file model.cif (mmCIF, C-alpha atoms)
data_start
#
loop_
_atom_site.group_PDB
_atom_site.id
_atom_site.type_symbol
_atom_site.label_atom_id
_atom_site.label_comp_id
_atom_site.auth_asym_id
_atom_site.auth_seq_id
_atom_site.Cartn_x
_atom_site.Cartn_y
_atom_site.Cartn_z
ATOM 1 C CA SER A 1 0.000 0.000 0.000
ATOM 2 C CA THR A 2 1.291 3.488 -0.847
ATOM 3 C CA SER A 3 -0.119 4.780 2.482
ATOM 4 C CA CYS A 4 2.812 2.989 4.096
ATOM 5 C CA VAL A 5 5.272 5.200 2.201
ATOM 6 C CA PRO A 6 3.870 8.765 2.574
ATOM 7 C CA TRP A 7 7.257 10.374 1.781
ATOM 8 C CA LEU A 8 7.160 9.203 -1.832
ATOM 9 C CA SER A 9 6.198 11.656 -4.575
ATOM 10 C CA PRO A 10 2.987 10.866 -6.534
ATOM 11 C CA GLY A 11 4.996 9.414 -9.449
ATOM 12 C CA LYS A 12 7.112 7.251 -7.154
ATOM 13 C CA LYS A 13 4.030 6.141 -5.234
ATOM 14 C CA GLU A 14 2.535 4.933 -8.514
ATOM 15 C CA LYS A 15 5.700 2.994 -9.350
ATOM 16 C CA HIS A 16 5.790 1.573 -5.826
ATOM 17 C CA ALA A 17 2.163 0.413 -6.120
ATOM 18 C CA GLN A 18 2.906 -1.217 -9.461
ATOM 19 C CA ARG A 19 5.981 -2.984 -8.089
ATOM 20 C CA VAL A 20 4.058 -4.265 -5.058
ATOM 21 C CA VAL A 21 1.244 -5.594 -7.250
ATOM 22 C CA VAL A 22 3.631 -7.280 -9.700
ATOM 23 C CA GLU A 23 5.745 -8.853 -6.953
ATOM 24 C CA GLY A 24 2.591 -10.058 -5.217
ATOM 25 C CA PHE A 25 1.273 -11.574 -8.434
ATOM 26 C CA VAL A 26 4.559 -13.342 -9.127
ATOM 27 C CA SER A 27 4.682 -14.644 -5.559
ATOM 28 C CA ARG A 28 1.133 -15.994 -5.707
ATOM 29 C CA HIS A 29 1.035 -17.341 -9.245
ATOM 30 C CA ALA A 30 4.549 -17.916 -10.584
ATOM 31 C CA SER A 31 6.691 -18.988 -7.665
ATOM 32 C CA GLU A 32 5.542 -22.585 -7.350
ATOM 33 C CA ALA A 33 6.549 -25.591 -9.423
ATOM 34 C CA PHE A 34 3.925 -28.036 -10.646
ATOM 35 C CA SER A 35 3.316 -31.063 -8.459
ATOM 36 C CA ARG A 36 0.799 -33.854 -8.861
ATOM 37 C CA SER A 37 -0.287 -33.658 -5.229
ATOM 38 C CA LYS A 38 -1.196 -29.971 -5.411
ATOM 39 C CA HIS A 39 -2.298 -29.453 -8.996
ATOM 40 C CA GLU A 40 -3.803 -32.724 -10.227
ATOM 41 C CA ASP A 41 -7.355 -31.426 -9.710
ATOM 42 C CA ASP A 42 -6.638 -28.381 -11.879
ATOM 43 C CA LEU A 43 -5.203 -30.629 -14.569
ATOM 44 C CA GLN A 44 -8.361 -32.738 -14.515
ATOM 45 C CA ARG A 45 -10.494 -29.601 -14.730
ATOM 46 C CA LEU A 46 -8.527 -28.540 -17.778
ATOM 47 C CA TRP A 47 -9.290 -31.866 -19.429
ATOM 48 C CA ASN A 48 -12.988 -31.541 -18.600
ATOM 49 C CA VAL A 49 -13.330 -28.064 -20.149
ATOM 50 C CA SER A 50 -11.221 -28.928 -23.197
ATOM 51 C CA VAL A 51 -12.359 -32.315 -24.439
ATOM 52 C CA ASP A 52 -15.691 -33.758 -25.548
ATOM 53 C CA PRO A 53 -17.299 -35.599 -22.600
ATOM 54 C CA GLN A 54 -17.606 -38.683 -24.811
ATOM 55 C CA GLN A 55 -13.812 -38.869 -24.985
ATOM 56 C CA GLU A 56 -12.546 -41.118 -22.219
ATOM 57 C CA ALA A 57 -10.482 -39.195 -19.697
ATOM 58 C CA PRO A 58 -6.891 -40.288 -19.034
ATOM 59 C CA PRO A 59 -6.335 -42.299 -15.840
ATOM 60 C CA ARG A 60 -5.873 -39.871 -12.979
ATOM 61 C CA GLY A 61 -2.227 -39.217 -12.208
ATOM 62 C CA GLU A 62 -0.937 -41.489 -14.966
ATOM 63 C CA PRO A 63 0.653 -40.774 -18.366
ATOM 64 C CA SER A 64 -1.602 -41.151 -21.397
ATOM 65 C CA PRO A 65 -1.207 -40.224 -25.088
ATOM 66 C CA SER A 66 -4.639 -38.570 -24.792
ATOM 67 C CA TRP A 67 -2.991 -35.542 -23.156
ATOM 68 C CA LYS A 68 -1.531 -34.661 -26.547
ATOM 69 C CA LEU A 69 -5.066 -33.604 -27.541
ATOM 70 C CA LEU A 70 -4.497 -30.563 -25.322
ATOM 71 C CA GLY A 71 -1.125 -29.800 -26.852
ATOM 72 C CA PHE A 72 1.210 -31.334 -24.315
ATOM 73 C CA GLN A 73 4.348 -32.666 -25.939
ATOM 74 C CA GLY A 74 4.398 -36.036 -24.238
ATOM 75 C CA ASP A 75 2.111 -38.524 -22.559
ATOM 76 C CA ASP A 76 2.630 -36.973 -19.121
ATOM 77 C CA PRO A 77 1.532 -33.314 -18.822
ATOM 78 C CA ALA A 78 3.267 -33.109 -15.455
ATOM 79 C CA SER A 79 6.578 -33.397 -17.286
ATOM 80 C CA ASP A 80 5.875 -30.338 -19.467
ATOM 81 C CA LEU A 81 4.373 -28.316 -16.621
ATOM 82 C CA SER A 82 7.153 -29.055 -14.141
ATOM 83 C CA ARG A 83 9.889 -28.202 -16.650
ATOM 84 C CA SER A 84 8.391 -24.815 -17.448
ATOM 85 C CA ARG A 85 8.990 -21.823 -15.204
ATOM 86 C CA SER A 86 5.425 -20.802 -16.050
ATOM 87 C CA GLY A 87 3.836 -24.241 -15.807
ATOM 88 C CA VAL A 88 1.412 -23.667 -12.929
ATOM 89 C CA LEU A 89 0.636 -20.133 -14.112
ATOM 90 C CA ALA A 90 -0.042 -21.376 -17.657
ATOM 91 C CA LEU A 91 -2.360 -24.070 -16.288
ATOM 92 C CA ASN A 92 -4.331 -21.428 -14.385
ATOM 93 C CA CYS A 93 -4.342 -19.149 -17.425
ATOM 94 C CA MET A 94 -5.769 -21.901 -19.639
ATOM 95 C CA LEU A 95 -8.497 -22.588 -17.072
ATOM 96 C CA TYR A 96 -9.294 -18.873 -16.903
ATOM 97 C CA PHE A 97 -9.442 -18.663 -20.709
ATOM 98 C CA ALA A 98 -11.730 -21.713 -20.907
ATOM 99 C CA ASN A 99 -14.085 -20.438 -18.206
ATOM 100 C CA SER A 100 -14.127 -16.761 -19.192
ATOM 101 C CA CYS A 101 -14.228 -17.100 -22.988
ATOM 102 C CA PRO A 102 -15.417 -20.667 -23.625
ATOM 103 C CA SER A 103 -16.325 -20.257 -27.296
ATOM 104 C CA GLN A 104 -13.047 -18.521 -28.185
ATOM 105 C CA TYR A 105 -11.103 -21.055 -26.152
ATOM 106 C CA ALA A 106 -12.725 -23.953 -28.004
ATOM 107 C CA GLU A 107 -12.131 -22.304 -31.388
ATOM 108 C CA VAL A 108 -8.448 -21.657 -30.717
ATOM 109 C CA LEU A 109 -7.903 -25.126 -29.269
ATOM 110 C CA ASN A 110 -9.614 -26.788 -32.235
ATOM 111 C CA ARG A 111 -7.674 -24.755 -34.796
ATOM 112 C CA SER A 112 -4.409 -25.713 -33.099
ATOM 113 C CA ARG A 113 -5.234 -29.318 -34.077
ATOM 114 C CA ASP A 114 -5.327 -28.685 -37.840
ATOM 115 C CA GLU A 115 -5.714 -31.768 -40.038
ATOM 116 C CA ASP A 116 -2.485 -30.723 -41.758
ATOM 117 C CA ILE A 117 0.074 -31.675 -39.112
ATOM 118 C CA SER A 118 2.537 -29.079 -40.462
ATOM 119 C CA LYS A 119 0.102 -26.310 -39.484
ATOM 120 C CA THR A 120 -0.554 -27.427 -35.937
ATOM 121 C CA TYR A 121 1.015 -26.091 -32.767
ATOM 122 C CA PRO A 122 0.987 -27.616 -29.274
ATOM 123 C CA PHE A 123 -1.738 -25.669 -27.481
ATOM 124 C CA ALA A 124 -0.591 -26.242 -23.895
ATOM 125 C CA CYS A 125 3.035 -25.562 -24.757
ATOM 126 C CA ALA A 126 1.971 -22.358 -26.502
ATOM 127 C CA ALA A 127 0.185 -21.362 -23.288
ATOM 128 C CA MET A 128 3.402 -21.817 -21.317
ATOM 129 C CA HIS A 129 5.342 -19.694 -23.804
ATOM 130 C CA LEU A 130 2.696 -16.952 -23.662
ATOM 131 C CA ALA A 131 2.603 -16.950 -19.859
ATOM 132 C CA ASP A 132 6.384 -16.749 -19.755
ATOM 133 C CA MET A 133 6.367 -13.903 -22.280
ATOM 134 C CA LEU A 134 3.897 -11.926 -20.176
ATOM 135 C CA LEU A 135 5.911 -12.534 -17.007
ATOM 136 C CA LYS A 136 8.890 -10.977 -18.748
ATOM 137 C CA VAL A 137 6.754 -8.029 -19.847
ATOM 138 C CA ILE A 138 5.786 -7.235 -16.243
ATOM 139 C CA GLY A 139 9.379 -7.594 -15.086
ATOM 140 C CA ALA A 140 9.697 -11.133 -13.741
ATOM 141 C CA SER A 141 13.243 -12.442 -14.135
ATOM 142 C CA GLU A 142 14.448 -15.831 -15.265
ATOM 143 C CA VAL A 143 14.642 -16.897 -11.622
ATOM 144 C CA ARG A 144 11.256 -18.150 -10.458
ATOM 145 C CA GLY A 145 9.471 -15.700 -8.209
ATOM 146 C CA LYS A 146 12.052 -12.886 -8.325
ATOM 147 C CA PRO A 147 11.413 -9.466 -9.900
ATOM 148 C CA GLY A 148 13.574 -8.625 -12.888
ATOM 149 C CA GLN A 149 13.851 -6.276 -15.851
ATOM 150 C CA SER A 150 11.691 -5.721 -18.924
ATOM 151 C CA ASP A 151 10.899 -2.983 -21.405
ATOM 152 C CA SER A 152 10.024 -0.103 -19.058
ATOM 153 C CA GLN A 153 7.147 1.293 -21.123
ATOM 154 C CA ALA A 154 5.493 -2.100 -21.545
ATOM 155 C CA ARG A 155 6.052 -2.918 -17.880
ATOM 156 C CA ARG A 156 4.489 0.363 -16.732
ATOM 157 C CA LYS A 157 1.534 -0.071 -19.052
ATOM 158 C CA MET A 158 0.695 -3.601 -17.950
ATOM 159 C CA SER A 159 1.536 -3.198 -14.271
ATOM 160 C CA SER A 160 -0.576 -0.031 -14.006
ATOM 161 C CA MET A 161 -3.516 -2.051 -15.341
ATOM 162 C CA MET A 162 -2.793 -4.760 -12.784
ATOM 163 C CA VAL A 163 -3.087 -2.204 -9.969
ATOM 164 C CA VAL A 164 -6.737 -1.511 -10.819
ATOM 165 C CA ASN A 165 -7.782 -4.950 -12.096
ATOM 166 C CA LYS A 166 -6.697 -8.181 -10.420
ATOM 167 C CA THR A 167 -7.452 -10.278 -13.513
ATOM 168 C CA THR A 168 -5.431 -8.122 -15.926
ATOM 169 C CA PHE A 169 -2.685 -10.701 -16.444
ATOM 170 C CA PHE A 170 -5.207 -13.441 -17.194
ATOM 171 C CA ASP A 171 -7.269 -11.188 -19.462
ATOM 172 C CA ILE A 172 -4.183 -10.221 -21.460
ATOM 173 C CA PHE A 173 -3.222 -13.887 -21.663
ATOM 174 C CA CYS A 174 -6.581 -14.610 -23.344
ATOM 175 C CA ILE A 175 -6.085 -11.722 -25.767
ATOM 176 C CA SER A 176 -2.543 -12.916 -26.470
ATOM 177 C CA PHE A 177 -3.703 -16.433 -27.288
ATOM 178 C CA ILE A 178 -6.403 -15.131 -29.636
ATOM 179 C CA LEU A 179 -3.799 -12.897 -31.313
ATOM 180 C CA LEU A 180 -1.432 -15.844 -31.620
ATOM 181 C CA ASP A 181 -4.135 -17.873 -33.319
ATOM 182 C CA ILE A 182 -4.998 -15.008 -35.690
ATOM 183 C CA GLU A 183 -1.350 -14.499 -36.609
ATOM 184 C CA TRP A 184 -0.875 -18.237 -37.045
ATOM 185 C CA GLN A 185 -3.727 -18.418 -39.525
ATOM 186 C CA LYS A 186 -2.759 -15.202 -41.317
ATOM 187 C CA GLN A 187 0.883 -16.187 -41.754
ATOM 188 C CA GLY A 188 0.132 -19.828 -42.515
ATOM 189 C CA GLY A 189 2.232 -20.724 -39.509
ATOM 190 C CA THR A 190 4.205 -23.908 -39.109
ATOM 191 C CA TYR A 191 5.783 -25.363 -35.987
ATOM 192 C CA PHE A 192 9.176 -23.916 -36.954
ATOM 193 C CA GLN A 193 7.714 -20.387 -37.184
ATOM 194 C CA PHE A 194 6.306 -20.459 -33.671
ATOM 195 C CA ASN A 195 8.917 -18.192 -32.053
ATOM 196 C CA THR A 196 8.661 -15.645 -34.873
ATOM 197 C CA ILE A 197 4.879 -15.500 -34.567
ATOM 198 C CA LEU A 198 5.119 -15.300 -30.779
ATOM 199 C CA GLU A 199 7.389 -12.267 -31.124
ATOM 200 C CA SER A 200 4.905 -10.614 -33.493
ATOM 201 C CA VAL A 201 2.197 -11.118 -30.864
ATOM 202 C CA LYS A 202 4.376 -9.419 -28.259
ATOM 203 C CA VAL A 203 4.961 -6.453 -30.588
ATOM 204 C CA LYS A 204 1.211 -6.052 -31.148
ATOM 205 C CA LEU A 205 0.536 -6.180 -27.405
ATOM 206 C CA ILE A 206 3.093 -3.610 -26.328
#
call {"tool": "encode", "arguments": {"input": "model.cif", "output": "structure tokens"}}
result
Amino acid sequence: STSCVPWLSPGKKEKHAQRVVVEGFVSRHASEAFSRSKHEDDLQRLWNVSVDPQQEAPPRGEPSPSWKLLGFQGDDPASDLSRSRSGVLALNCMLYFANSCPSQYAEVLNRSRDEDISKTYPFACAAMHLADMLLKVIGASEVRGKPGQSDSQARRKMSSMMVVNKTTFFDIFCISFILLDIEWQKQGGTYFQFNTILESVKVKLI
């Protein structure tokens, strides 16, 4: 709270508020590694909102090739999520996207599974890349849970929004994913163009 630092000028109070909000967000959402014991329920919820109910769900807590339907690279989503700095955050972002914008979520997910394998991209892995990109925008460093550096203008813009709206990060994640999908279709994206298209999304956002 800026009331705790009354000696700061109005501009510095604003920066202080932004820093507090960003550090709090990182601490709550991006400082914990994925673990089956803590996050298995969220993983199951993701399956339930992403896949036709007629499709048999993977055995709880066990690897299954069915997880590739959601864009995980292997049979065990825990492996992808635990390797990523943004794994737990990306999981929560996907759930937010699915619950807040269900029709757009379904459209993007379905288009990521194009019949032409060369045009597909791994949906869940894309979510992790997007979450990581946005963490860097708000100033989270490569070390999990520690504040770092980013483009100052982009950081100020996004962190100032986070001060007034607690769901800003998640809302921008949804917008980012929709932009990624639009750019993918427009550029006729292939798996090997993913990083280039991701960068173009970042440019459009900031």
call {"tool": "residues_around", "arguments": {"input": "model.cif", "residues": "segment 174-184 of chain A", "least_positions_apart": "5", "cutoff": "9 Å", "atoms": "all atoms listed in the file", "output": "ChimeraX atom specification"}}
result
/A:93-94,96-97,100-101,104-105,108,111-112,119,126-127,130,169,189-190,193-194,197-198,200-202,204-205
call {"tool": "atom_distance", "arguments": {"input": "model.cif", "atom1": "atom CA of Ala90 of chain A", "atom2": "atom CA of Leu135 of chain A"}}
result
10.7 Å
call {"tool": "atom_distance", "arguments": {"input": "model.cif", "atom1": "atom CA of Asp114 of chain A", "atom2": "atom CA of Gly188 of chain A"}}
result
11.4 Å
call {"tool": "closest_residue", "arguments": {"input": "model.cif", "among": "A:Lys136, A:Arg85, A:Lys68, A:Arg156", "to": "Ala17 of chain A", "atoms": "all atoms listed in the file"}}
result
A:Arg156
call {"tool": "closest_residue", "arguments": {"input": "model.cif", "among": "A:Val22, A:Met133, A:Leu95, A:Cys125", "to": "Asn165 of chain A", "atoms": "only C-alpha atoms"}}
result
A:Val22
call {"tool": "resolve_selection", "arguments": {"input": "model.cif", "expression": "the PyMOL selection byres ((chain A and resi 66) around 10)", "output": "VMD selection string"}}
result
chain A and resid 47 51 55 to 59 63 to 65 67 to 72 74 to 76
call {"tool": "closest_residue", "arguments": {"input": "model.cif", "among": "A:Leu46, A:Leu109, A:Met158, A:Val20", "to": "Phe170 of chain A", "atoms": "all atoms listed in the file"}}
result
A:Met158
call {"tool": "atom_distance", "arguments": {"input": "model.cif", "atom1": "atom CA of Phe192 of chain A", "atom2": "atom CA of Ala33 of chain A"}}
result
27.7 Å
call {"tool": "closest_residue", "arguments": {"input": "model.cif", "among": "A:Ser86, A:Asp52, A:Ile138, A:Leu43", "to": "Ser152 of chain A", "atoms": "all atoms listed in the file"}}
result
A:Ile138
call {"tool": "axis_aligned_box", "arguments": {"input": "model.cif", "around": "segment 126-138 of chain A", "padding_each_side": "5 Å", "output": "JSON"}}
result
{"center_x": 4.5, "center_y": -14.8, "center_z": -21.4, "size_x": 18.7, "size_y": 25.1, "size_z": 20.3}
call {"tool": "closest_residue", "arguments": {"input": "model.cif", "among": "A:Glu14, A:Val21, A:Asp42, A:Glu115", "to": "Gly139 of chain A", "atoms": "only C-alpha atoms"}}
result
A:Val21
call {"tool": "closest_residue", "arguments": {"input": "model.cif", "among": "A:Gly61, A:Pro53, A:Gly87, A:Pro102", "to": "Ala131 of chain A", "atoms": "all atoms listed in the file"}}
result
A:Gly87
call {"tool": "resolve_selection", "arguments": {"input": "model.cif", "expression": "the PyMOL selection byres ((chain A and resi 121) around 6)", "output": "ChimeraX atom specification"}}
result
/A:112,120,122-123,191
